[in-house]
$ cat my_file22.csv   # CSV, C-alpha atoms and all ligand atoms
chain,number,residue,atom,x,y,z
A,1,MET,CA,6.3,22.1,0.3
A,2,GLU,CA,6.4,23.8,-3.1
A,3,MET,CA,8.0,21.9,-5.9
A,4,GLN,CA,7.1,21.1,-9.4
A,5,LYS,CA,10.2,19.5,-10.8
A,6,ILE,CA,10.8,16.1,-9.4
A,7,ILE,CA,13.4,13.8,-11.0
A,8,PHE,CA,13.7,10.1,-10.3
A,9,ILE,CA,17.0,8.5,-10.9
A,10,ALA,CA,16.6,4.9,-11.7
A,11,GLY,CA,18.3,1.8,-13.3
A,12,LYS,CA,20.1,-1.4,-12.5
A,13,GLY,CA,22.1,-1.9,-9.3
A,14,GLY,CA,25.5,-0.4,-9.2
A,15,VAL,CA,25.3,1.5,-12.5
A,16,GLY,CA,26.0,4.9,-10.8
A,17,LYS,CA,22.5,6.2,-9.9
A,18,THR,CA,23.5,7.7,-6.6
A,19,THR,CA,26.7,9.1,-8.0
A,20,ILE,CA,24.7,10.9,-10.7
A,21,ALA,CA,22.0,12.0,-8.3
A,22,VAL,CA,24.5,13.5,-5.8
A,23,ASN,CA,26.5,15.3,-8.5
A,24,LEU,CA,23.5,16.7,-10.3
A,25,ALA,CA,22.2,18.0,-6.9
A,26,VAL,CA,25.5,19.6,-6.0
A,27,LEU,CA,25.9,21.1,-9.5
A,28,TRP,CA,22.4,22.6,-9.5
A,29,ALA,CA,22.8,23.9,-6.0
A,30,HIS,CA,26.1,25.4,-7.0
A,31,GLN,CA,24.3,27.1,-9.9
A,32,GLY,CA,22.0,28.8,-7.4
A,33,TRP,CA,19.0,26.5,-7.6
A,34,LYS,CA,17.2,25.3,-4.5
A,35,VAL,CA,17.6,21.5,-4.6
A,36,GLY,CA,16.2,18.7,-2.5
A,37,LEU,CA,17.9,15.3,-2.6
A,38,LEU,CA,15.9,12.4,-1.3
A,39,ASP,CA,17.7,9.1,-0.7
A,40,ALA,CA,14.9,6.6,-1.3
A,41,ASN,CA,17.3,3.8,-0.6
A,42,ILE,CA,16.1,2.5,2.8
A,43,HIS,CA,18.4,-0.5,3.1
A,44,SER,CA,21.7,0.9,1.9
A,45,PRO,CA,21.5,4.7,2.0
A,46,ALA,CA,24.8,6.1,0.7
A,47,ILE,CA,24.1,9.7,-0.1
A,48,PRO,CA,25.2,11.2,3.3
A,49,ARG,CA,28.5,9.3,3.1
A,50,MET,CA,29.1,10.5,-0.5
A,51,LEU,CA,28.5,14.1,0.6
A,52,GLY,CA,30.5,13.9,3.8
A,53,ILE,CA,27.5,14.4,6.0
A,54,HIS,CA,27.8,12.9,9.4
A,55,PRO,CA,24.7,11.3,10.7
A,56,GLN,CA,23.2,13.5,13.4
A,57,GLY,CA,20.9,10.9,14.8
A,58,ILE,CA,17.8,12.9,13.9
A,59,VAL,CA,14.8,11.5,15.6
A,60,GLY,CA,11.4,11.5,14.0
A,61,LEU,CA,10.4,14.8,15.5
A,62,VAL,CA,6.7,15.7,16.0
A,63,GLU,CA,7.5,18.9,14.1
A,64,GLY,CA,8.9,17.0,11.2
A,65,ILE,CA,12.3,16.1,9.7
A,66,GLU,CA,15.0,18.7,9.3
A,67,PRO,CA,17.1,17.9,6.2
A,68,ALA,CA,20.9,18.0,6.4
A,69,SER,CA,22.3,20.9,4.4
A,70,PRO,CA,25.9,20.2,3.3
A,71,MET,CA,26.0,23.3,1.1
A,72,LYS,CA,23.9,26.4,0.4
A,73,GLY,CA,20.8,25.5,-1.6
A,74,LEU,CA,21.0,21.8,-1.0
A,75,LYS,CA,18.7,19.8,1.4
A,76,VAL,CA,19.3,16.1,1.9
A,77,VAL,CA,17.0,13.6,3.5
A,78,SER,CA,18.2,10.0,4.0
A,79,MET,CA,17.5,7.1,6.4
A,80,ALA,CA,21.3,7.2,7.1
A,81,LEU,CA,20.7,10.5,8.9
A,82,PHE,CA,18.6,8.7,11.5
A,83,ILE,CA,21.0,5.9,12.3
A,84,GLN,CA,23.9,6.5,14.8
A,85,ASN,CA,25.6,3.2,13.9
A,86,GLN,CA,25.8,2.9,10.1
A,87,GLU,CA,26.5,-0.9,10.5
A,88,THR,CA,23.0,-1.5,11.8
A,89,PRO,CA,21.0,-3.3,9.1
A,90,ILE,CA,17.6,-2.0,8.3
A,91,ALA,CA,15.4,-5.1,8.0
A,92,TRP,CA,12.0,-3.7,7.2
A,93,ARG,CA,9.2,-5.2,5.2
A,94,GLY,CA,6.9,-3.5,2.6
A,95,PRO,CA,4.3,-1.7,4.6
A,96,ILE,CA,6.8,-0.1,6.9
A,97,LYS,CA,9.0,1.0,4.0
A,98,GLN,CA,6.0,2.5,2.3
A,99,GLY,CA,5.2,4.6,5.5
A,100,VAL,CA,8.8,5.6,5.9
A,101,ILE,CA,9.1,6.8,2.2
A,102,LYS,CA,5.9,8.8,2.7
A,103,GLN,CA,7.2,10.4,5.9
A,104,LEU,CA,10.6,11.3,4.3
A,105,ILE,CA,8.7,13.0,1.5
A,106,ALA,CA,5.9,14.7,3.3
A,107,ASP,CA,7.2,15.4,6.8
A,108,SER,CA,10.6,16.8,5.8
A,109,HIS,CA,11.1,20.6,5.9
A,110,TRP,CA,12.1,21.0,2.3
A,111,GLY,CA,10.9,24.6,2.0
A,112,ASP,CA,10.5,25.9,-1.5
A,113,LEU,CA,12.5,23.8,-3.9
A,114,ASP,CA,13.3,24.3,-7.6
A,115,TYR,CA,14.1,20.6,-8.0
A,116,LEU,CA,13.7,17.5,-6.0
A,117,ILE,CA,16.0,14.7,-7.0
A,118,VAL,CA,14.9,11.2,-5.9
A,119,ASP,CA,17.6,8.6,-5.8
A,120,LEU,CA,15.9,5.2,-6.1
A,121,PRO,CA,17.4,1.8,-5.2
A,122,ALA,CA,17.7,-0.7,-8.0
A,123,GLY,CA,14.6,-2.5,-9.2
A,124,THR,CA,10.9,-1.8,-9.0
A,125,GLY,CA,10.1,-2.8,-5.4
A,126,ASP,CA,8.5,-1.0,-2.5
A,127,GLU,CA,10.7,2.1,-2.4
A,128,ALA,CA,10.3,2.9,-6.1
A,129,MET,CA,6.5,2.2,-6.0
A,130,SER,CA,5.9,4.3,-2.9
A,131,ALA,CA,8.1,7.2,-4.2
A,132,VAL,CA,6.3,7.2,-7.5
A,133,HIS,CA,3.0,6.9,-5.8
A,134,PHE,CA,3.5,9.8,-3.4
A,135,LEU,CA,5.1,12.1,-5.9
A,136,LYS,CA,2.9,11.2,-8.8
A,137,GLY,CA,2.0,13.6,-11.5
A,138,THR,CA,4.9,16.0,-11.2
A,139,ALA,CA,7.9,13.8,-12.0
A,140,GLY,CA,10.1,12.7,-14.8
A,141,ALA,CA,12.6,9.8,-14.7
A,142,LEU,CA,16.2,9.9,-15.7
A,143,LEU,CA,17.4,6.4,-16.5
A,144,VAL,CA,21.0,5.3,-15.9
A,145,THR,CA,22.8,2.4,-17.5
A,146,THR,CA,26.2,1.1,-18.2
A,147,PRO,CA,27.0,-0.2,-21.7
A,148,GLN,CA,26.5,-3.8,-20.5
A,149,ALA,CA,23.7,-5.7,-22.1
A,150,LEU,CA,22.5,-6.9,-18.7
A,151,ALA,CA,22.1,-3.3,-17.5
A,152,LEU,CA,20.3,-2.5,-20.7
A,153,ARG,CA,17.7,-5.1,-20.1
A,154,GLU,CA,17.1,-3.5,-16.7
A,155,VAL,CA,16.7,-0.1,-18.3
A,156,ARG,CA,13.9,-1.5,-20.4
A,157,ARG,CA,12.2,-3.0,-17.4
A,158,THR,CA,12.5,0.2,-15.5
A,159,ALA,CA,11.2,2.2,-18.5
A,160,THR,CA,8.1,-0.1,-18.5
A,161,PHE,CA,7.7,0.5,-14.8
A,162,PHE,CA,7.5,4.3,-15.3
A,163,LEU,CA,5.3,3.8,-18.3
A,164,GLN,CA,2.8,1.8,-16.1
A,165,HIS,CA,2.9,4.6,-13.5
A,166,HIS,CA,2.5,7.4,-16.1
A,167,VAL,CA,5.8,9.0,-15.3
A,168,PRO,CA,7.5,10.6,-18.3
A,169,LEU,CA,11.0,9.7,-19.2
A,170,ILE,CA,13.5,12.5,-19.4
A,171,GLY,CA,16.3,10.6,-21.0
A,172,LEU,CA,19.1,8.0,-20.6
A,173,VAL,CA,22.6,8.4,-19.2
A,174,GLU,CA,25.2,5.9,-20.1
A,175,ASN,CA,27.7,5.8,-17.2
A,176,MET,CA,31.1,4.2,-17.0
A,177,ALA,CA,31.0,4.4,-20.8
A,178,GLU,CA,34.8,4.1,-21.3
A,179,PHE,CA,38.0,4.4,-19.5
A,180,SER,CA,41.3,6.1,-20.6
A,181,CYS,CA,44.2,3.7,-20.5
A,182,PRO,CA,46.7,5.0,-17.9
A,183,HIS,CA,49.6,4.0,-20.1
A,184,CYS,CA,48.6,5.0,-23.7
A,185,ASP,CA,45.5,7.2,-22.9
A,186,GLY,CA,43.6,5.2,-25.5
A,187,PRO,CA,40.0,4.3,-24.9
A,188,LEU,CA,39.2,1.1,-23.0
A,189,THR,CA,35.6,-0.3,-22.7
A,190,PRO,CA,35.5,-2.7,-19.8
A,191,PHE,CA,31.7,-2.6,-19.6
A,192,GLY,CA,31.1,-3.0,-23.3
A,193,GLU,CA,30.4,-0.3,-25.8
A,194,GLY,CA,27.8,1.3,-28.1
A,195,THR,CA,24.7,0.1,-26.4
A,196,GLY,CA,23.3,3.3,-25.0
A,197,GLN,CA,22.4,5.1,-28.2
A,198,PRO,CA,20.4,2.2,-29.7
A,199,THR,CA,18.6,1.7,-26.4
A,200,ALA,CA,17.7,5.4,-26.2
A,201,GLU,CA,16.5,5.3,-29.7
A,202,ASN,CA,14.5,2.1,-29.0
A,203,LEU,CA,12.7,3.9,-26.1
A,204,SER,CA,12.4,7.1,-28.1
A,205,ILE,CA,14.2,9.1,-25.4
A,206,PRO,CA,17.4,11.2,-25.8
A,207,LEU,CA,20.8,9.9,-24.7
A,208,LEU,CA,21.8,12.8,-22.5
A,209,GLY,CA,25.5,11.8,-22.1
A,210,ARG,CA,28.1,9.2,-21.9
A,211,ILE,CA,30.0,9.6,-18.6
A,212,PRO,CA,33.5,8.0,-18.7
A,213,PHE,CA,34.8,5.7,-16.0
A,214,ASN,CA,37.1,7.9,-13.9
A,215,PRO,CA,38.7,6.5,-10.7
A,216,GLN,CA,38.5,9.9,-9.2
A,217,VAL,CA,34.7,9.6,-9.1
A,218,THR,CA,35.1,6.6,-6.8
A,219,LEU,CA,37.7,8.3,-4.7
A,220,CYS,CA,35.6,11.4,-4.3
A,221,ALA,CA,32.6,9.3,-3.2
A,222,ASP,CA,34.8,7.6,-0.5
A,223,MET,CA,36.1,11.0,0.7
A,224,GLY,CA,32.6,12.5,0.8
A,225,LYS,CA,33.4,15.1,-1.8
A,226,PRO,CA,31.2,15.7,-4.8
A,227,PHE,CA,33.2,14.9,-7.9
A,228,VAL,CA,31.6,17.5,-10.2
A,229,THR,CA,33.0,20.4,-8.1
A,230,SER,CA,36.2,18.7,-7.1
A,231,PHE,CA,37.5,18.0,-10.6
A,232,PRO,CA,35.6,20.4,-12.8
A,233,PRO,CA,38.0,20.2,-15.8
A,234,SER,CA,37.7,16.4,-16.2
A,235,SER,CA,35.6,15.0,-19.0
A,236,ALA,CA,33.4,13.1,-16.5
A,237,ALA,CA,32.5,16.4,-14.8
A,238,ALA,CA,32.0,18.1,-18.2
A,239,THR,CA,29.6,15.3,-19.3
A,240,LEU,CA,27.7,15.6,-16.0
A,241,ARG,CA,27.3,19.4,-16.5
A,242,GLU,CA,26.0,18.6,-20.0
A,243,VAL,CA,23.6,16.0,-18.7
A,244,GLY,CA,22.4,18.5,-16.0
A,245,GLN,CA,21.8,21.2,-18.5
A,246,GLN,CA,19.9,19.0,-20.9
A,247,CYS,CA,17.9,17.5,-18.1
A,248,GLN,CA,16.8,21.0,-17.0
A,249,ASP,CA,16.1,22.1,-20.5
A,250,LEU,CA,13.9,19.1,-21.1
A,251,ILE,CA,12.1,19.5,-17.8
A,252,ASN,CA,11.4,23.1,-18.5
A,253,GLU,CA,9.9,22.2,-21.9
A,254,ARG,CA,7.8,19.4,-20.5
A,255,MET,CA,6.1,19.0,-23.8
A,256,ARG,CA,9.2,17.3,-25.1
A,257,PHE,CA,9.1,14.6,-22.4
A,258,THR,CA,8.5,11.2,-23.7
A,259,LEU,CA,5.3,10.0,-22.0
A,260,LEU,CA,5.4,6.4,-23.2
A,261,THR,CA,2.2,4.7,-24.0
A,262,GLN,CA,3.8,1.7,-25.5
A,263,ILE,CA,7.3,0.3,-25.9
A,264,VAL,CA,7.9,-1.6,-29.0
A,265,TYR,CA,11.3,-3.3,-28.8
A,266,LYS,CA,12.9,-3.6,-32.2
A,267,ASP,CA,15.0,-6.7,-31.5
B,1,LIG,N1,31.8,7.3,-13.9
B,1,LIG,C1,32.3,6.6,-12.9
B,1,LIG,N2,33.6,6.4,-12.8
B,1,LIG,C2,34.1,5.6,-11.8
B,1,LIG,N3,33.4,5.1,-10.8
B,1,LIG,C3,32.1,5.3,-10.8
B,1,LIG,C4,31.5,6.1,-11.8
B,1,LIG,N4,30.1,6.1,-11.5
B,1,LIG,C5,29.9,5.4,-10.4
B,1,LIG,N5,31.1,5.0,-9.9
B,1,LIG,C6,31.3,4.1,-8.7
B,1,LIG,O1,30.6,2.9,-8.9
B,1,LIG,C7,30.0,2.5,-7.7
B,1,LIG,C8,28.5,2.4,-7.8
B,1,LIG,O2,28.0,3.7,-7.9
B,1,LIG,P1,26.6,4.1,-7.3
B,1,LIG,O3,26.6,3.7,-5.8
B,1,LIG,O4,26.4,5.5,-7.6
B,1,LIG,O5,25.6,3.1,-8.0
B,1,LIG,P2,24.1,2.9,-7.8
B,1,LIG,O6,23.5,2.6,-9.1
B,1,LIG,O7,23.5,4.0,-7.0
B,1,LIG,O8,24.2,1.6,-6.9
B,1,LIG,P3,22.9,0.9,-6.0
B,1,LIG,O9,22.1,0.2,-7.1
B,1,LIG,O10,23.6,0.0,-5.1
B,1,LIG,O11,22.2,2.0,-5.4
B,1,LIG,C9,30.5,3.5,-6.6
B,1,LIG,O12,31.6,3.0,-6.0
B,1,LIG,C10,30.8,4.8,-7.5
B,1,LIG,O13,31.8,5.5,-6.8
B,2,MG,MG,22.5,3.9,-5.2
$ encode --input "my_file22.csv" --output "structure tokens"
Amino acid sequence: MEMQKIIFIAGKGGVGKTTIAVNLAVLWAHQGWKVGLLDANIHSPAIPRMLGIHPQGIVGLVEGIEPASPMKGLKVVSMALFIQNQETPIAWRGPIKQGVIKQLIADSHWGDLDYLIVDLPAGTGDEAMSAVHFLKGTAGALLVTTPQALALREVRRTATFFLQHHVPLIGLVENMAEFSCPHCDGPLTPFGEGTGQPTAENLSIPLLGRIPFNPQVTLCADMGKPFVTSFPPSSAAATLREVGQQCQDLINERMRFTLLTQIVYKD
């Protein structure tokens, strides 16, 4: 497995981490890069569903795990690919999860990749710790938040987690930033407003974009179609492209990564 550019996507529950991971992966594969997408969410893996991949009931082959490839240049590995009945709960404790994350990373036939995007579950539990541990040294983290103060606190906690594990922070993405009123087209801010920029400044990382709330994003996820290629003219897709470009630029100039040594909160 040859890969240098590994991106963790992290933040509070439900802020849009998986949506952003899936759409960045599709966007980059569409641009001709070789992209791996690792669903590190063991308990509720959603990536195959969002990409319209039907679980093939892959068994843990002695020869390793063959990723699903929903489009040219994209390889996807997820627990969901192993489960025939998606309603089966996965009730595993720490040590097992650690082993599984390791296997998904090391035993999958990724081939040569330009980028590996790792979609983490919320919080800083077993999955995040194992993924960071096994992929240490080559990664950067993209933090996702909504404008809500509660999500912001989580971003700081997550930033400190990466700090403790010496993973540089690439930047912050504010998702569901605003919503266009269907009647007057004016901006509505159901999740609050104006919190992303000060948080990014507080952490000394760039705010890479503010993705608006767009009901098509949800519809696309349910239909198993990537939003970014289904609605390219929308402002949500344009912001995703902008985020993707900045993310690549920052990764390619690793010097500009913020390797935090200390976070000093100003409030
Ligand atoms: N910009 C957006 N506009 C509209 N809906 C969105 C947007 N971003 C995400 N969503 C929707 O919000 C929900 C949560 O998104 P997603 O599953 O990506 O979050 P998550 O952070 O990965 O959640 P979890 O912590 O459970 O893994 C999904 O239904 C998704 O379709
Ligand atoms: Mg998710």
$ atom_distance --input "my_file22.csv" --atom1 "CA of Leu142 (chain A)" --atom2 "atom O9 of ligand LIG 1 (chain B)"
14.2 Å
$ residues_near_ligand --input "my_file22.csv" --ligand "ligand MG 2 (chain B)" --cutoff "12 Å" --atoms "only C-alpha atoms and all ligand atoms" --output "VMD selection string"
chain A and resid 8 to 22 38 to 50 78 118 to 123 144 221
$ atom_distance --input "my_file22.csv" --atom1 "CA of Asp107 (chain A)" --atom2 "CA of Pro70 (chain A)"
19.6 Å
$ closest_residue --input "my_file22.csv" --among "A:Lys97, A:Trp92, A:Ala106, A:Asn23" --to "ligand LIG 1 (chain B)" --atoms "all atoms listed in the file"
A:Asn23
$ residues_around --input "my_file22.csv" --residues "region 25-32 of chain A" --least-positions-apart "6" --cutoff "12 Å" --atoms "only C-alpha atoms" --output "VMD selection string"
chain A and resid 6 to 7 9 18 to 19 38 to 39 47 50 to 51 69 to 76 113 to 119 225 to 230 232 237 to 245 247 to 248
$ atom_distance --input "my_file22.csv" --atom1 "CA of Val132 (chain A)" --atom2 "atom C4 of ligand LIG 1 (chain B)"
25.6 Å
$ closest_residue --input "my_file22.csv" --among "A:Asn175, A:Thr88, A:Ser204, A:Thr199" --to "ligand LIG 1 (chain B)" --atoms "only C-alpha atoms and all ligand atoms"
A:Asn175
$ closest_residue --input "my_file22.csv" --among "A:Leu163, A:Ala128, A:Leu169, A:Ile96" --to "ligand LIG 1 (chain B)" --atoms "only C-alpha atoms and all ligand atoms"
A:Ala128
$ closest_residue --input "my_file22.csv" --among "A:Glu178, A:Glu193, A:Glu201, A:Asp249" --to "ligand LIG 1 (chain B)" --atoms "only C-alpha atoms and all ligand atoms"
A:Glu178
$ closest_residue --input "my_file22.csv" --among "A:Asn85, A:Ser235, A:Ser108, A:Thr145" --to "Leu207 (chain A)" --atoms "only C-alpha atoms"
A:Thr145
$ closest_residue --input "my_file22.csv" --among "A:Phe191, A:Phe179, A:Trp110, A:Phe231" --to "ligand LIG 1 (chain B)" --atoms "all atoms listed in the file"
A:Phe179
$ residues_near_point --input "my_file22.csv" --point "(22.9, -7.5, -21.0)" --cutoff "12 Å" --atoms "only C-alpha atoms" --output "ChimeraX atom specification"
/A:12,145-156,191-193,195-196,199
$ write_last_selection --input "my_file22.csv" --atoms "C-alpha atoms" --output "PDB file, in the coordinates of the input"
ATOM      1  CA  LYS A  12      20.100  -1.400 -12.500  1.00  0.00           C
ATOM      2  CA  THR A 145      22.800   2.400 -17.500  1.00  0.00           C
ATOM      3  CA  THR A 146      26.200   1.100 -18.200  1.00  0.00           C
ATOM      4  CA  PRO A 147      27.000  -0.200 -21.700  1.00  0.00           C
ATOM      5  CA  GLN A 148      26.500  -3.800 -20.500  1.00  0.00           C
ATOM      6  CA  ALA A 149      23.700  -5.700 -22.100  1.00  0.00           C
ATOM      7  CA  LEU A 150      22.500  -6.900 -18.700  1.00  0.00           C
ATOM      8  CA  ALA A 151      22.100  -3.300 -17.500  1.00  0.00           C
ATOM      9  CA  LEU A 152      20.300  -2.500 -20.700  1.00  0.00           C
ATOM     10  CA  ARG A 153      17.700  -5.100 -20.100  1.00  0.00           C
ATOM     11  CA  GLU A 154      17.100  -3.500 -16.700  1.00  0.00           C
ATOM     12  CA  VAL A 155      16.700  -0.100 -18.300  1.00  0.00           C
ATOM     13  CA  ARG A 156      13.900  -1.500 -20.400  1.00  0.00           C
ATOM     14  CA  PHE A 191      31.700  -2.600 -19.600  1.00  0.00           C
ATOM     15  CA  GLY A 192      31.100  -3.000 -23.300  1.00  0.00           C
ATOM     16  CA  GLU A 193      30.400  -0.300 -25.800  1.00  0.00           C
ATOM     17  CA  THR A 195      24.700   0.100 -26.400  1.00  0.00           C
ATOM     18  CA  GLY A 196      23.300   3.300 -25.000  1.00  0.00           C
ATOM     19  CA  THR A 199      18.600   1.700 -26.400  1.00  0.00           C
TER      20      THR A 199
END
$ build_atoms --input "my_file22.csv" --residues "region 150-176 of chain A" --atoms "N, CA and C atoms" --output "PDB file, keeping the file's coordinate frame"
ATOM      1  N   LEU A 150      23.356  -6.524 -19.852  1.00  0.00           N
ATOM      2  CA  LEU A 150      22.500  -6.900 -18.700  1.00  0.00           C
ATOM      3  C   LEU A 150      21.875  -5.601 -18.089  1.00  0.00           C
ATOM      4  N   ALA A 151      22.644  -4.508 -18.020  1.00  0.00           N
ATOM      5  CA  ALA A 151      22.100  -3.300 -17.500  1.00  0.00           C
ATOM      6  C   ALA A 151      21.045  -2.700 -18.407  1.00  0.00           C
ATOM      7  N   LEU A 152      21.248  -2.971 -19.682  1.00  0.00           N
ATOM      8  CA  LEU A 152      20.300  -2.500 -20.700  1.00  0.00           C
ATOM      9  C   LEU A 152      18.925  -3.103 -20.551  1.00  0.00           C
ATOM     10  N   ARG A 153      18.943  -4.401 -20.287  1.00  0.00           N
ATOM     11  CA  ARG A 153      17.700  -5.100 -20.100  1.00  0.00           C
ATOM     12  C   ARG A 153      16.928  -4.455 -18.921  1.00  0.00           C
ATOM     13  N   GLU A 154      17.696  -4.122 -17.871  1.00  0.00           N
ATOM     14  CA  GLU A 154      17.100  -3.500 -16.700  1.00  0.00           C
ATOM     15  C   GLU A 154      16.502  -2.156 -17.015  1.00  0.00           C
ATOM     16  N   VAL A 155      17.182  -1.415 -17.891  1.00  0.00           N
ATOM     17  CA  VAL A 155      16.700  -0.100 -18.300  1.00  0.00           C
ATOM     18  C   VAL A 155      15.304  -0.234 -18.930  1.00  0.00           C
ATOM     19  N   ARG A 156      15.162  -1.253 -19.756  1.00  0.00           N
ATOM     20  CA  ARG A 156      13.900  -1.500 -20.400  1.00  0.00           C
ATOM     21  C   ARG A 156      12.797  -1.819 -19.400  1.00  0.00           C
ATOM     22  N   ARG A 157      13.175  -2.654 -18.448  1.00  0.00           N
ATOM     23  CA  ARG A 157      12.200  -3.000 -17.400  1.00  0.00           C
ATOM     24  C   ARG A 157      11.808  -1.792 -16.614  1.00  0.00           C
ATOM     25  N   THR A 158      12.808  -0.980 -16.274  1.00  0.00           N
ATOM     26  CA  THR A 158      12.500   0.200 -15.500  1.00  0.00           C
ATOM     27  C   THR A 158      11.680   1.199 -16.313  1.00  0.00           C
ATOM     28  N   ALA A 159      11.976   1.310 -17.602  1.00  0.00           N
ATOM     29  CA  ALA A 159      11.200   2.200 -18.500  1.00  0.00           C
ATOM     30  C   ALA A 159       9.726   1.749 -18.478  1.00  0.00           C
ATOM     31  N   THR A 160       9.508   0.457 -18.535  1.00  0.00           N
ATOM     32  CA  THR A 160       8.100  -0.100 -18.500  1.00  0.00           C
ATOM     33  C   THR A 160       7.440   0.235 -17.215  1.00  0.00           C
ATOM     34  N   PHE A 161       8.206   0.164 -16.115  1.00  0.00           N
ATOM     35  CA  PHE A 161       7.700   0.500 -14.800  1.00  0.00           C
ATOM     36  C   PHE A 161       7.140   1.933 -14.786  1.00  0.00           C
ATOM     37  N   PHE A 162       7.957   2.862 -15.298  1.00  0.00           N
ATOM     38  CA  PHE A 162       7.500   4.300 -15.300  1.00  0.00           C
ATOM     39  C   PHE A 162       6.347   4.458 -16.270  1.00  0.00           C
ATOM     40  N   LEU A 163       6.383   3.744 -17.368  1.00  0.00           N
ATOM     41  CA  LEU A 163       5.300   3.800 -18.300  1.00  0.00           C
ATOM     42  C   LEU A 163       3.962   3.403 -17.593  1.00  0.00           C
ATOM     43  N   GLN A 164       4.033   2.304 -16.837  1.00  0.00           N
ATOM     44  CA  GLN A 164       2.800   1.800 -16.100  1.00  0.00           C
ATOM     45  C   GLN A 164       2.340   2.825 -15.101  1.00  0.00           C
ATOM     46  N   HIS A 165       3.267   3.640 -14.559  1.00  0.00           N
ATOM     47  CA  HIS A 165       2.900   4.600 -13.500  1.00  0.00           C
ATOM     48  C   HIS A 165       2.726   6.022 -14.113  1.00  0.00           C
ATOM     49  N   HIS A 166       2.706   6.108 -15.434  1.00  0.00           N
ATOM     50  CA  HIS A 166       2.500   7.400 -16.100  1.00  0.00           C
ATOM     51  C   HIS A 166       3.513   8.456 -15.739  1.00  0.00           C
ATOM     52  N   VAL A 167       4.737   8.037 -15.549  1.00  0.00           N
ATOM     53  CA  VAL A 167       5.800   9.000 -15.300  1.00  0.00           C
ATOM     54  C   VAL A 167       6.607   9.157 -16.593  1.00  0.00           C
ATOM     55  N   PRO A 168       6.735  10.382 -17.084  1.00  0.00           N
ATOM     56  CA  PRO A 168       7.500  10.600 -18.300  1.00  0.00           C
ATOM     57  C   PRO A 168       8.963  10.309 -18.180  1.00  0.00           C
ATOM     58  N   LEU A 169       9.587   9.900 -19.245  1.00  0.00           N
ATOM     59  CA  LEU A 169      11.000   9.700 -19.200  1.00  0.00           C
ATOM     60  C   LEU A 169      11.765  10.871 -19.755  1.00  0.00           C
ATOM     61  N   ILE A 170      12.745  11.343 -18.992  1.00  0.00           N
ATOM     62  CA  ILE A 170      13.500  12.500 -19.400  1.00  0.00           C
ATOM     63  C   ILE A 170      14.589  12.098 -20.410  1.00  0.00           C
ATOM     64  N   GLY A 171      15.283  11.031 -20.104  1.00  0.00           N
ATOM     65  CA  GLY A 171      16.300  10.600 -21.000  1.00  0.00           C
ATOM     66  C   GLY A 171      17.173   9.491 -20.349  1.00  0.00           C
ATOM     67  N   LEU A 172      18.181   9.075 -21.089  1.00  0.00           N
ATOM     68  CA  LEU A 172      19.100   8.000 -20.600  1.00  0.00           C
ATOM     69  C   LEU A 172      20.477   8.540 -20.468  1.00  0.00           C
ATOM     70  N   VAL A 173      21.152   8.102 -19.410  1.00  0.00           N
ATOM     71  CA  VAL A 173      22.600   8.400 -19.200  1.00  0.00           C
ATOM     72  C   VAL A 173      23.357   7.136 -19.239  1.00  0.00           C
ATOM     73  N   GLU A 174      24.379   7.096 -20.072  1.00  0.00           N
ATOM     74  CA  GLU A 174      25.200   5.900 -20.100  1.00  0.00           C
ATOM     75  C   GLU A 174      26.436   6.244 -19.186  1.00  0.00           C
ATOM     76  N   ASN A 175      26.593   5.488 -18.105  1.00  0.00           N
ATOM     77  CA  ASN A 175      27.700   5.800 -17.200  1.00  0.00           C
ATOM     78  C   ASN A 175      28.770   4.697 -17.316  1.00  0.00           C
ATOM     79  N   MET A 176      29.973   5.044 -16.918  1.00  0.00           N
ATOM     80  CA  MET A 176      31.100   4.200 -17.000  1.00  0.00           C
ATOM     81  C   MET A 176      31.295   3.727 -18.500  1.00  0.00           C
TER      82      MET A 176
END
